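Have a look at start-v1.txt below; it lists compact mmCIF, C-alpha atoms.
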# COMPACT_ATOMS: atom_id res chain seq x y z
CA LYS A 1413 -6.67 -6.39 -28.35
CA GLN A 1414 -4.65 -9.53 -29.03
CA GLU A 1415 -6.58 -12.78 -28.66
CA VAL A 1416 -5.04 -16.24 -28.74
CA THR A 1417 -7.13 -19.32 -29.48
CA GLN A 1418 -6.15 -22.97 -29.19
CA ILE A 1419 -8.23 -25.66 -30.83
CA PRO A 1420 -9.07 -28.34 -29.86
CA ALA A 1421 -9.42 -27.84 -26.11
CA ALA A 1422 -8.71 -31.54 -25.57
CA LEU A 1423 -7.21 -34.30 -27.66
CA SER A 1424 -6.81 -38.04 -27.02
CA VAL A 1425 -4.56 -40.18 -29.22
CA PRO A 1426 -3.04 -43.67 -29.09
CA GLU A 1427 0.66 -43.99 -28.35
CA GLY A 1428 2.93 -43.66 -31.37
CA GLU A 1429 0.69 -41.32 -33.32
CA ASN A 1430 2.00 -38.09 -34.80
CA LEU A 1431 -0.16 -35.10 -33.87
CA VAL A 1432 -0.56 -31.37 -34.43
CA LEU A 1433 -1.71 -28.75 -31.95
CA ASN A 1434 -2.99 -25.44 -33.28
CA CYS A 1435 -2.66 -21.87 -32.05
CA SER A 1436 -4.11 -18.79 -33.72
CA PHE A 1437 -3.75 -15.11 -32.86
CA THR A 1438 -5.61 -12.05 -34.06
CA ASP A 1439 -2.84 -9.43 -34.34
CA SER A 1440 0.21 -10.32 -36.41
CA ALA A 1441 2.34 -7.61 -34.75
CA ILE A 1442 4.09 -10.01 -32.40
CA TYR A 1443 7.72 -10.29 -31.31
CA ASN A 1444 7.67 -14.02 -30.69
CA LEU A 1445 5.49 -17.03 -30.01
CA GLN A 1446 6.22 -19.55 -27.29
CA TRP A 1447 4.91 -23.05 -26.67
CA PHE A 1448 4.76 -24.28 -23.09
CA ARG A 1449 3.90 -27.54 -21.37
CA GLN A 1450 1.99 -27.65 -18.09
CA ASP A 1451 1.52 -30.79 -15.99
CA PRO A 1452 -1.48 -30.86 -13.60
CA GLY A 1453 -1.01 -28.50 -10.67
CA LYS A 1454 2.46 -27.46 -11.83
CA GLY A 1455 4.13 -24.45 -13.38
CA LEU A 1456 4.87 -24.04 -17.07
CA THR A 1457 7.91 -25.37 -18.89
CA SER A 1458 9.08 -23.61 -22.04
CA LEU A 1459 9.28 -25.99 -25.02
CA LEU A 1460 10.06 -23.76 -28.00
CA LEU A 1461 10.29 -20.05 -28.78
CA ILE A 1462 9.94 -18.79 -32.34
CA GLN A 1463 11.04 -15.24 -32.98
CA SER A 1464 8.86 -13.20 -35.37
CA SER A 1465 11.57 -13.36 -38.05
CA GLN A 1466 11.70 -17.17 -37.91
CA ARG A 1467 9.42 -19.75 -39.51
CA GLU A 1468 10.05 -22.77 -37.29
CA GLN A 1469 11.98 -24.25 -34.39
CA THR A 1470 12.75 -27.86 -33.57
CA SER A 1471 13.63 -29.66 -30.36
CA GLY A 1472 13.79 -33.44 -30.38
CA ARG A 1473 10.37 -34.80 -31.35
CA LEU A 1474 8.82 -31.33 -31.30
CA ASN A 1475 8.57 -28.93 -34.22
CA ALA A 1476 6.83 -25.58 -34.03
CA SER A 1477 5.99 -23.42 -37.04
CA LEU A 1478 4.92 -19.81 -37.28
CA ASP A 1479 2.97 -18.05 -40.03
CA LYS A 1480 2.61 -14.45 -38.91
CA SER A 1481 0.64 -13.31 -41.93
CA SER A 1482 -2.12 -15.82 -41.26
CA GLY A 1483 -1.87 -15.56 -37.47
CA ARG A 1484 -1.19 -19.26 -36.96
CA SER A 1485 1.28 -21.56 -35.27
CA THR A 1486 1.37 -25.32 -35.04
CA LEU A 1487 3.16 -27.63 -32.64
CA TYR A 1488 3.95 -30.99 -34.20
CA ILE A 1489 4.69 -33.90 -31.86
CA ALA A 1490 6.18 -36.97 -33.51
CA ALA A 1491 5.73 -40.52 -32.22
CA SER A 1492 3.70 -39.49 -29.18
CA GLN A 1493 4.32 -41.19 -25.82
CA PRO A 1494 2.21 -41.42 -22.63
CA GLY A 1495 4.74 -39.07 -21.00
CA ASP A 1496 3.66 -36.38 -23.46
CA SER A 1497 0.28 -36.20 -21.72
CA ALA A 1498 -0.09 -32.63 -20.43
CA THR A 1499 -1.66 -29.29 -21.29
CA TYR A 1500 0.11 -27.36 -24.02
CA LEU A 1501 -0.19 -23.58 -24.07
CA CYS A 1502 0.94 -21.04 -26.61
CA ALA A 1503 1.68 -17.40 -25.89
CA VAL A 1504 2.56 -14.40 -28.04
CA THR A 1505 4.69 -11.46 -26.92
CA VAL A 1506 3.00 -8.27 -28.04
CA ASN A 1507 5.19 -5.61 -26.44
CA ALA A 1508 7.81 -5.22 -23.77
CA GLY A 1509 6.92 -7.52 -20.92
CA LYS A 1510 3.45 -8.51 -22.05
CA SER A 1511 2.47 -11.93 -23.32
CA THR A 1512 -1.02 -13.14 -24.18
CA PHE A 1513 -1.76 -16.81 -23.55
CA GLY A 1514 -4.23 -19.21 -25.10
CA ASP A 1515 -6.38 -21.46 -22.90
CA GLY A 1516 -4.37 -24.54 -23.85
CA THR A 1517 -4.94 -27.97 -25.39
CA THR A 1518 -5.03 -30.90 -22.97
CA LEU A 1519 -3.38 -33.90 -24.58
CA THR A 1520 -3.85 -37.49 -23.45
CA VAL A 1521 -1.68 -40.19 -25.03
CA LYS A 1522 -3.08 -43.66 -24.34
CA PRO A 1523 -0.68 -46.62 -24.00
CA ASP B 69 20.37 -25.12 -8.77
CA GLY B 70 19.08 -22.20 -10.80
CA GLY B 71 15.39 -21.46 -10.89
CA ILE B 72 12.35 -19.72 -9.50
CA THR B 73 11.00 -20.49 -6.06
CA GLN B 74 7.44 -19.68 -5.10
CA SER B 75 6.13 -20.00 -1.57
CA PRO B 76 3.95 -21.12 -0.02
CA LYS B 77 2.60 -23.88 -2.24
CA TYR B 78 -0.87 -23.53 -0.70
CA LEU B 79 -2.34 -20.45 0.96
CA PHE B 80 -5.67 -19.73 2.57
CA ARG B 81 -7.13 -16.26 2.95
CA LYS B 82 -9.78 -15.11 5.34
CA GLU B 83 -12.26 -12.48 4.25
CA GLY B 84 -10.83 -8.97 4.59
CA GLN B 85 -7.27 -10.22 4.91
CA ASN B 86 -4.27 -9.28 2.79
CA VAL B 87 -1.90 -12.12 1.89
CA THR B 88 1.54 -12.03 0.27
CA LEU B 89 2.92 -14.59 -2.18
CA SER B 90 6.67 -14.91 -2.43
CA CYS B 91 8.68 -15.24 -5.65
CA GLU B 92 12.49 -15.50 -5.69
CA GLN B 93 14.75 -16.18 -8.67
CA ASN B 94 18.48 -16.85 -8.97
CA LEU B 95 18.64 -16.75 -12.77
CA ASN B 96 19.94 -13.17 -12.81
CA HIS B 97 16.93 -12.13 -14.89
CA ASP B 98 15.89 -8.50 -15.00
CA ALA B 99 12.23 -9.16 -15.87
CA MET B 100 9.72 -10.80 -13.56
CA TYR B 101 6.00 -11.47 -13.99
CA TRP B 102 2.93 -12.49 -12.00
CA TYR B 103 0.11 -14.42 -13.66
CA ARG B 104 -3.23 -15.73 -12.48
CA GLN B 105 -4.64 -19.01 -13.82
CA ASP B 106 -8.26 -20.07 -13.32
CA PRO B 107 -9.38 -23.67 -13.95
CA GLY B 108 -9.33 -24.66 -17.61
CA GLN B 109 -8.02 -21.29 -18.68
CA GLY B 110 -4.78 -19.75 -19.80
CA LEU B 111 -2.68 -17.26 -17.87
CA ARG B 112 -3.62 -13.64 -17.34
CA LEU B 113 -0.95 -11.06 -16.52
CA ILE B 114 -1.31 -9.26 -13.19
CA TYR B 115 1.93 -7.22 -12.94
CA TYR B 116 5.35 -7.26 -14.50
CA SER B 117 8.68 -5.61 -13.77
CA GLN B 118 11.66 -5.10 -16.04
CA ILE B 119 13.97 -3.40 -13.59
CA VAL B 120 14.36 -2.93 -9.86
CA ASN B 121 12.05 -0.30 -8.34
CA ASP B 122 9.81 -0.24 -11.39
CA PHE B 123 6.76 -2.30 -12.34
CA GLN B 124 3.78 -2.08 -14.67
CA LYS B 125 0.16 -3.16 -14.43
CA GLY B 126 -0.95 -6.08 -16.53
CA ASP B 127 -4.46 -6.90 -17.66
CA ILE B 128 -5.98 -7.70 -14.24
CA ALA B 129 -4.06 -5.60 -11.67
CA GLU B 130 -7.07 -4.46 -9.63
CA GLY B 131 -6.97 -5.85 -6.08
CA TYR B 132 -3.28 -6.75 -6.29
CA SER B 133 -0.03 -4.96 -5.42
CA VAL B 134 3.66 -5.72 -5.95
CA SER B 135 7.10 -4.41 -5.06
CA ARG B 136 10.52 -4.87 -6.66
CA GLU B 137 13.13 -3.78 -4.16
CA LYS B 138 15.65 -6.45 -5.17
CA LYS B 139 16.42 -8.00 -8.53
CA GLU B 140 15.85 -11.49 -7.13
CA SER B 141 12.48 -10.88 -5.49
CA PHE B 142 9.01 -9.88 -6.73
CA PRO B 143 6.37 -10.46 -4.02
CA LEU B 144 2.67 -10.22 -4.84
CA THR B 145 0.09 -9.04 -2.29
CA VAL B 146 -3.51 -10.06 -2.78
CA THR B 147 -5.49 -7.36 -1.02
CA SER B 148 -8.96 -7.49 0.48
CA ALA B 149 -10.14 -5.49 -2.55
CA GLN B 150 -9.71 -8.62 -4.69
CA LYS B 151 -13.15 -10.18 -4.24
CA ASN B 152 -12.47 -13.41 -6.11
CA PRO B 153 -8.88 -14.37 -5.25
CA THR B 154 -9.23 -18.16 -5.50
CA ALA B 155 -6.85 -19.19 -8.28
CA PHE B 156 -3.44 -20.62 -9.13
CA TYR B 157 -0.76 -17.91 -9.13
CA LEU B 158 2.36 -18.28 -11.23
CA CYS B 159 5.54 -16.23 -11.14
CA ALA B 160 7.95 -16.11 -14.07
CA SER B 161 11.20 -14.42 -15.05
CA SER B 162 13.08 -13.73 -18.25
CA ILE B 163 15.79 -11.60 -19.78
CA VAL B 164 14.64 -8.24 -21.08
CA HIS B 165 14.46 -8.77 -24.83
CA LEU B 166 11.45 -8.30 -27.08
CA ALA B 167 12.07 -11.40 -29.17
CA LYS B 168 14.13 -13.72 -26.98
CA ASN B 169 12.35 -13.46 -23.64
CA ILE B 170 11.94 -17.15 -22.83
CA GLN B 171 9.91 -17.18 -19.63
CA TYR B 172 10.86 -19.52 -16.81
CA PHE B 173 8.13 -20.36 -14.33
CA GLY B 174 7.92 -21.28 -10.68
CA ALA B 175 5.80 -24.18 -9.41
CA GLY B 176 2.93 -21.90 -8.42
CA THR B 177 0.91 -20.99 -5.33
CA ARG B 178 -2.69 -22.15 -4.99
CA LEU B 179 -4.75 -19.57 -3.09
CA SER B 180 -8.13 -20.40 -1.59
CA VAL B 181 -10.61 -18.40 0.46
CA LEU B 182 -11.73 -19.73 3.84
How does this structure look as C-alpha cells?
Amino acid sequence: KQEVTQIPAALSVPEGENLVLNCSFTDSAIYNLQWFRQDPGKGLTSLLLIQSSQREQTSGRLNASLDKSSGRSTLYIAASQPGDSATYLCAVTVNAGKSTFGDGTTLTVKP
Amino acid sequence: DGGITQSPKYLFRKEGQNVTLSCEQNLNHDAMYWYRQDPGQGLRLIYYSQIVNDFQKGDIAEGYSVSREKKESFPLTVTSAQKNPTAFYLCASSIVHLAKNIQYFGAGTRLSVL
C-alpha cells in the first residue's frame, strides 16, 4: 500500500528565506506527483505536477523535484513571503483515478 | 467563470439522517472525486468516477454513496451508516489521464453532527 509522508509537519521561517519542503513515498510505481496549497478552511490549489518521466517543474518562485528511485520529492520556495503561509500537501497518482496524499506541512512565514 | 462549486458550505446532520453534498463542475472534466479531510490530516479518497454512470470505491467508501448521472454533477450522500461523519469534504475534477490529471478542487463542505 502506498504511503506518503511529509516532514516536518510544521515550519516557521522569517520572510525572505529560501526553504525546502519534503515529501516521501513508499512505492516508486507512480504516474505523477502533485504539490498543492491549502489555506485554512479552503479547498486545495494545484501548484505543480511532475509526471513520472520528469525530474522537475518550475513555476515562478516554486521548484519541485522528483526522484522516483529514492521515493522523494522536494518543493523549493525561493524568497518566502508572508502570503506563502499555508499548508502544502503532496499527492502521488498510483493508478487510474486514485491519488494518495500526505498529511501536509504547515508553513508560517513571519514578516 | 470555470470551476467547481460545492454546496452547502456548512451542513449539520442529525443522528440517523442521510445528507447529500452537492458538487458541480463546468470544466468539462470526465473524472470527479470525493475526499474526506480530518483535522491535521491529508485527504482520503471516498469515491471517484471517470465517466458518466460509472464510479469506483476509494479507500473509505463505507457509509457513503454517490451517483454520476450527468458529467457535470457528482453528489455525495453521507448515510446514517457513517458513524463518524464530522469532517471537511472536498470534491475535485480532472481530465482522465494517468500522468496529467491535475486535480481542481472545490471550496469544500464542512459537515458536523448535531
* Spatial neighbours of Gln1446 of chain A, max dist 12 Å, all atoms listed in the file, sep filter under 3 positions, as a ChimeraX atom specification -> /A:1416,1435,1442-1443,1449,1456-1464,1468-1469,1475-1478,1485-1487,1500-1506,1511-1514 /B:167-172
* Write out as a PyMOL selection string every residue belonging to chain B that has an atom at most 9 Å from any atom of chain A, counting only C-alpha atoms. => chain B and resi 99-101+108-113+116-118+124+126+156+158-159+164-176+178
* To do: Can you pull out every residue within 7 Å of Pro1494 of chain A, counting all atoms listed in the file, but drop anything in the same chain fewer than 5 positions away, and send it as number ranges by chain?
  => A: 1427, 1521-1523
* To do: Quick one: pull the distance between atom CA of Gln93 of chain B and atom CA of Ser162 of chain B, Å, one decimal.
  => 10.0 Å
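You can rank B:Lys125, B:Val120, B:Asp106, B:Glu83 by their closest distance to Lys151 of chain B using all atoms listed in the file, and at the top of that list sits B:Glu83.
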* Could you check how far atom CA of Ser1482 of chain A sits from atom CA of Thr1470 of chain A, in Å to one decimal? =>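 Between atom CA of Ser1482 of chain A and atom CA of Thr1470 of chain A the gap works out to 20.6 Å.
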Which polymer residues have any atom within 12 Å of an atom of Arg81 of chain B, counting only C-alpha atoms, with same-chain residues fewer than 2 positions away left out, as a compact mmCIF listing (two decimals) with C-alpha atoms, in the coordinates of the input?
# COMPACT_ATOMS: atom_id res chain seq x y z
CA TYR B 78 -0.87 -23.53 -0.70
CA LEU B 79 -2.34 -20.45 0.96
CA GLU B 83 -12.26 -12.48 4.25
CA GLY B 84 -10.83 -8.97 4.59
CA GLN B 85 -7.27 -10.22 4.91
CA ASN B 86 -4.27 -9.28 2.79
CA VAL B 87 -1.90 -12.12 1.89
CA THR B 88 1.54 -12.03 0.27
CA LEU B 89 2.92 -14.59 -2.18
CA THR B 145 0.09 -9.04 -2.29
CA VAL B 146 -3.51 -10.06 -2.78
CA THR B 147 -5.49 -7.36 -1.02
CA SER B 148 -8.96 -7.49 0.48
CA GLN B 150 -9.71 -8.62 -4.69
CA LYS B 151 -13.15 -10.18 -4.24
CA ASN B 152 -12.47 -13.41 -6.11
CA PRO B 153 -8.88 -14.37 -5.25
CA THR B 154 -9.23 -18.16 -5.50
CA ALA B 155 -6.85 -19.19 -8.28
CA ARG B 178 -2.69 -22.15 -4.99
CA LEU B 179 -4.75 -19.57 -3.09
CA SER B 180 -8.13 -20.40 -1.59
CA VAL B 181 -10.61 -18.40 0.46
CA LEU B 182 -11.73 -19.73 3.84
* To one decimal in Å, tell me the separation between atom CA of Gly131 of chain B and atom CA of Gln74 of chain B. =>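 Taking atom CA of Gly131 of chain B as the start and atom CA of Gln74 of chain B as the end point, the length is 20.0 Å.
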* To do: Pick out the residues sitting within 8 Å of Glu92 of chain B, and hand them over as a ChimeraX atom specification; count only C-alpha atoms, and ignore anything fewer than 6 positions along from it in its own chain.
  => /B:72-74,140-142
* Using only C-alpha atoms, which residues sit within 7 Å of Ser1440 of chain A once same-chain residues fewer than 5 positions away are excluded, as a list in words? ->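 Here the answer would be Lys1480, Ser1481 and Gly1483 of chain A.
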* Using all atoms listed in the file, find the one residue out of A:Glu1429, A:Leu1519, A:Phe1437, A:Asp1451 that sits nearest to Ala1490 of chain A. =>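 Looking only at the distances to Ala1490 of chain A, the closest residue turns out to be A:Glu1429.
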